[in-house]
Amino acid sequence: MEFKEIVLKAISEKKGFDIKEYDTRSLTPFMDSMIVVSTTNIRQNNAIAQNIKDRLKENGFDGTIRIEGNADSKWLLIDLKEIVVQLFVKDERQVYQLDRLYRDVPVIEYDL
């Protein structure tokens with residue numbers, strides 16, 4: 001299974017929604033894409049973050065997984081090098097409006 005597919009499956013297993021992947025290669029050399037996900041609450045944010053870590057390790061990923069934010073955060077950033085995952089409790093996503101910020105790059109919407 002491809003790296004990105006593992007990440008998306010891990011998000012889907014914990015019921016993340018409004019999933020969008022932004023192709024950021026034209027903006028920065030530091031990542032290929034950014035996946036933005038909504039959740040219903042902080043617990044779901046944490047569950048998805050942990051599930052991504054678990055699924056990647058199960059599939060042999062031995063790279064560094066950095067998570068910014070803590071267990072009480074409404075916004076978690078998961079740095080997987082070429083992919084960055086942004087997990088937002090739904091209302092928090094509206095505050096930061098990353099979707100608006102990245103509106104000029106190619107986007108894929110997932111309904112998992």
# chains A, B, ... in the order shown; residues from 1 in each chain; ligands from 1
call {"tool": "residues_around", "arguments": {"residues": "A:Arg93", "least_positions_apart": "2", "cutoff": "10 Å", "atoms": "only C-alpha atoms", "output": "PyMOL selection string"}}
result
chain A and resi 36-39+74-75+86-91+95-99
call {"tool": "residues_around", "arguments": {"residues": "A:Thr64", "least_positions_apart": "2", "cutoff": "8 Å", "atoms": "only C-alpha atoms", "output": "PyMOL selection string"}}
result
chain A and resi 62+66+80
call {"tool": "atom_distance", "arguments": {"atom1": "atom CA of A:Ile48", "atom2": "atom CA of A:Thr28"}}
result
25.6 Å
call {"tool": "atom_distance", "arguments": {"atom1": "atom CA of A:Ile78", "atom2": "atom CA of A:Ala49"}}
result
7.3 Å
call {"tool": "select_by_dssp", "arguments": {"residues": "chain A", "states": "strand (DSSP E or B)", "output": "ChimeraX atom specification"}}
result
/A:17-23,33-39,66-68,75-79,83-89,107-110
call {"tool": "residues_around", "arguments": {"residues": "A:Asp79", "least_positions_apart": "2", "cutoff": "7 Å", "atoms": "only C-alpha atoms", "output": "PDB file with C-alpha atoms, in the first residue's frame"}}
result
ATOM      1  CA  ILE A  65       6.551  11.398  12.810  1.00  0.00           C
ATOM      2  CA  ARG A  66       6.286  14.822  14.423  1.00  0.00           C
ATOM      3  CA  ILE A  67       3.031  15.986  15.959  1.00  0.00           C
ATOM      4  CA  LEU A  77      -0.303  19.095  12.734  1.00  0.00           C
ATOM      5  CA  LYS A  81       7.987  14.959   5.643  1.00  0.00           C
ATOM      6  CA  ILE A  83       2.905  14.914   3.560  1.00  0.00           C
ATOM      7  CA  VAL A  84       1.620  17.191   6.305  1.00  0.00           C
ATOM      8  CA  VAL A  85      -1.722  16.335   7.892  1.00  0.00           C
TER       9      VAL A  85
END
call {"tool": "atom_distance", "arguments": {"atom1": "atom CA of A:Ser33", "atom2": "atom CA of A:Val107"}}
result
9.4 Å
call {"tool": "closest_residue", "arguments": {"among": "A:Glu109, A:Leu76, A:Gln50, A:Leu27", "to": "A:Glu92", "atoms": "only C-alpha atoms"}}
result
A:Leu76
call {"tool": "decode", "arguments": {"residues": "stretch 40-67 of chain A", "atoms": "C-alpha atoms", "output": "mmCIF file, in the first residue's frame"}}
result
data_model
loop_
_atom_site.group_PDB
_atom_site.id
_atom_site.type_symbol
_atom_site.label_atom_id
_atom_site.label_comp_id
_atom_site.auth_asym_id
_atom_site.auth_seq_id
_atom_site.Cartn_x
_atom_site.Cartn_y
_atom_site.Cartn_z
ATOM 1 C CA THR A 40 -16.111 16.437 15.622
ATOM 2 C CA ASN A 41 -14.076 16.817 18.822
ATOM 3 C CA ILE A 42 -10.638 16.792 20.442
ATOM 4 C CA ARG A 43 -10.806 13.076 21.255
ATOM 5 C CA GLN A 44 -11.352 12.257 17.598
ATOM 6 C CA ASN A 45 -8.408 14.505 16.654
ATOM 7 C CA ASN A 46 -6.166 12.513 18.988
ATOM 8 C CA ALA A 47 -7.559 9.166 17.828
ATOM 9 C CA ILE A 48 -6.817 9.961 14.187
ATOM 10 C CA ALA A 49 -3.296 11.177 14.984
ATOM 11 C CA GLN A 50 -2.558 7.988 16.923
ATOM 12 C CA ASN A 51 -4.103 5.812 14.219
ATOM 13 C CA ILE A 52 -1.911 7.422 11.553
ATOM 14 C CA LYS A 53 1.180 6.687 13.665
ATOM 15 C CA ASP A 54 0.078 3.102 14.350
ATOM 16 C CA ARG A 55 -0.811 2.282 10.724
ATOM 17 C CA LEU A 56 2.417 3.721 9.360
ATOM 18 C CA LYS A 57 4.513 1.724 11.833
ATOM 19 C CA GLU A 58 2.517 -1.446 11.043
ATOM 20 C CA ASN A 59 3.387 -0.923 7.388
ATOM 21 C CA GLY A 60 7.104 -0.547 8.022
ATOM 22 C CA PHE A 61 7.460 3.229 8.094
ATOM 23 C CA ASP A 62 10.494 3.951 10.225
ATOM 24 C CA GLY A 63 10.785 7.671 9.619
ATOM 25 C CA THR A 64 10.152 10.459 12.069
ATOM 26 C CA ILE A 65 6.551 11.398 12.810
ATOM 27 C CA ARG A 66 6.286 14.822 14.423
ATOM 28 C CA ILE A 67 3.031 15.986 15.959
#
